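> Submitted below is the structure of interest, expressed as structure tokens.
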Amino acid sequence: MNLIESLKRVLLKEAISRDAVIDAIRNRKVVTIYYAGDQTINKGYREIEAVAIGPHNKSGNVVVRAWQVRGSSDTPENRPGWRLFRLDKINSLSPTTETFETARPYFNPNGDKHMSQIFELAKFD
């Protein structure tokens with residue numbers, strides 16, 4: 001990997017901070033992300049409603065639980081639907097003008113069984 005590619009990776013990781021995701025969760029902002037997961041076939045933009053962030057209970061990678069509204073997907077037949085995104089594979093995050101006010105079906109207000117700890121969890125009235 002050359003120096004420019006290394007710098008891009010570092011800068012992109014700094015741009016997508018845990019705090020940016022936590023802000024989106026707390027304020028229930030719909031965000032657009034560019035996702036390039038390890039084994040993702042259809043890398044690209046996705047519009048999501050992030051509801052939880054924490055370390056994955058098996059790998060330890062920080063992950064984001066989100067309802068994917070639209071965008072690229074390896075399983076478009078299951079969209080919209082719940083997804084788990086690795087934070088370090090999100091290359092950009094931009095808030096939209098939309099917010100979400102209600103929990104999607106099967107939202108767990110007590111946490112996420114795939115996370116060993118919850119850094120932030122959406123709260124609904």
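Order determines the names: the first chain of the structure tokens is A, the second B, and so forth; residues in each chain are numbered 1 upward, and ligands are numbered 1 upward as they are shown.
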Which of chain A end up as alpha helix (DSSP H) when DSSP is run on this backbone - answer as a PyMOL selection string?

chain A and resi 3-15+18-26

> Residues of region 1-120 of chain A classed as strand (DSSP E or B) by DSSP on the backbone are to be reported as JSON, numbers by chain.

{"A": [29, 30, 31, 32, 33, 34, 35, 44, 45, 46, 47, 48, 49, 50, 51, 52, 53, 54, 55, 56, 62, 63, 64, 65, 66, 67, 68, 69, 70, 71, 81, 82, 83, 84, 85, 86, 90, 91, 92, 93, 94, 95, 96, 97, 98, 99, 115, 120]}

> Residues at most 8 Å from Pro109 (chain A), counting only C-alpha atoms, excluding those fewer than 5 positions away in the same chain, as a ChimeraX atom specification?

/A:121-123

> Which residue is closest to Asp19 (chain A)? Choose from A:His56, A:Glu47, A:Asp38, A:Glu120 and count only C-alpha atoms.

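That would be A:Glu120, the residue with the smallest distance to Asp19 (chain A).
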
> Need to verify the contact set: Thr97 (chain A), 9 Å, only C-alpha atoms, exclusion of same-chain residues closer than 3 positions in sequence. Can you return it as a PyMOL selection string?

chain A and resi 29-31

> Output the selection as a short mmCIF file (atom, residue, chain, number, x, y, z; two decimals), in the first residue's frame - N, CA and C atoms for each residue.


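Saved to out.cif:
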data_model
loop_
_atom_site.label_atom_id
_atom_site.label_comp_id
_atom_site.auth_asym_id
_atom_site.auth_seq_id
_atom_site.Cartn_x
_atom_site.Cartn_y
_atom_site.Cartn_z
N LYS A 29 -31.06 10.66 13.54
CA LYS A 29 -30.85 11.21 12.20
C LYS A 29 -30.75 10.07 11.18
N VAL A 30 -31.42 10.22 10.07
CA VAL A 30 -31.21 9.32 8.94
C VAL A 30 -29.90 9.78 8.30
N VAL A 31 -28.98 8.85 8.07
CA VAL A 31 -27.68 9.19 7.50
C VAL A 31 -27.41 8.37 6.24
#

> Which of these residues is nearest to Tyr45 (chain A), using only C-alpha atoms: A:Arg26, A:Ile33, A:Asp88, A:Thr96?

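Among A:Arg26, A:Ile33, A:Asp88, A:Thr96, it is A:Ile33 that comes nearest to Tyr45 (chain A).
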
> For Val63 (chain A), which of A:Ile22, A:Ile48, A:Met115, A:Ala103 is the closest residue, counting only C-alpha atoms?

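Using only C-alpha atoms, the shortest distance to Val63 (chain A) belongs to A:Met115.
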
> Could you work out how far CA of Gln39 (chain A) lies from CA of Asn57 (chain A), giving the answer in Å with one decimal?

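The value is 19.0 Å.
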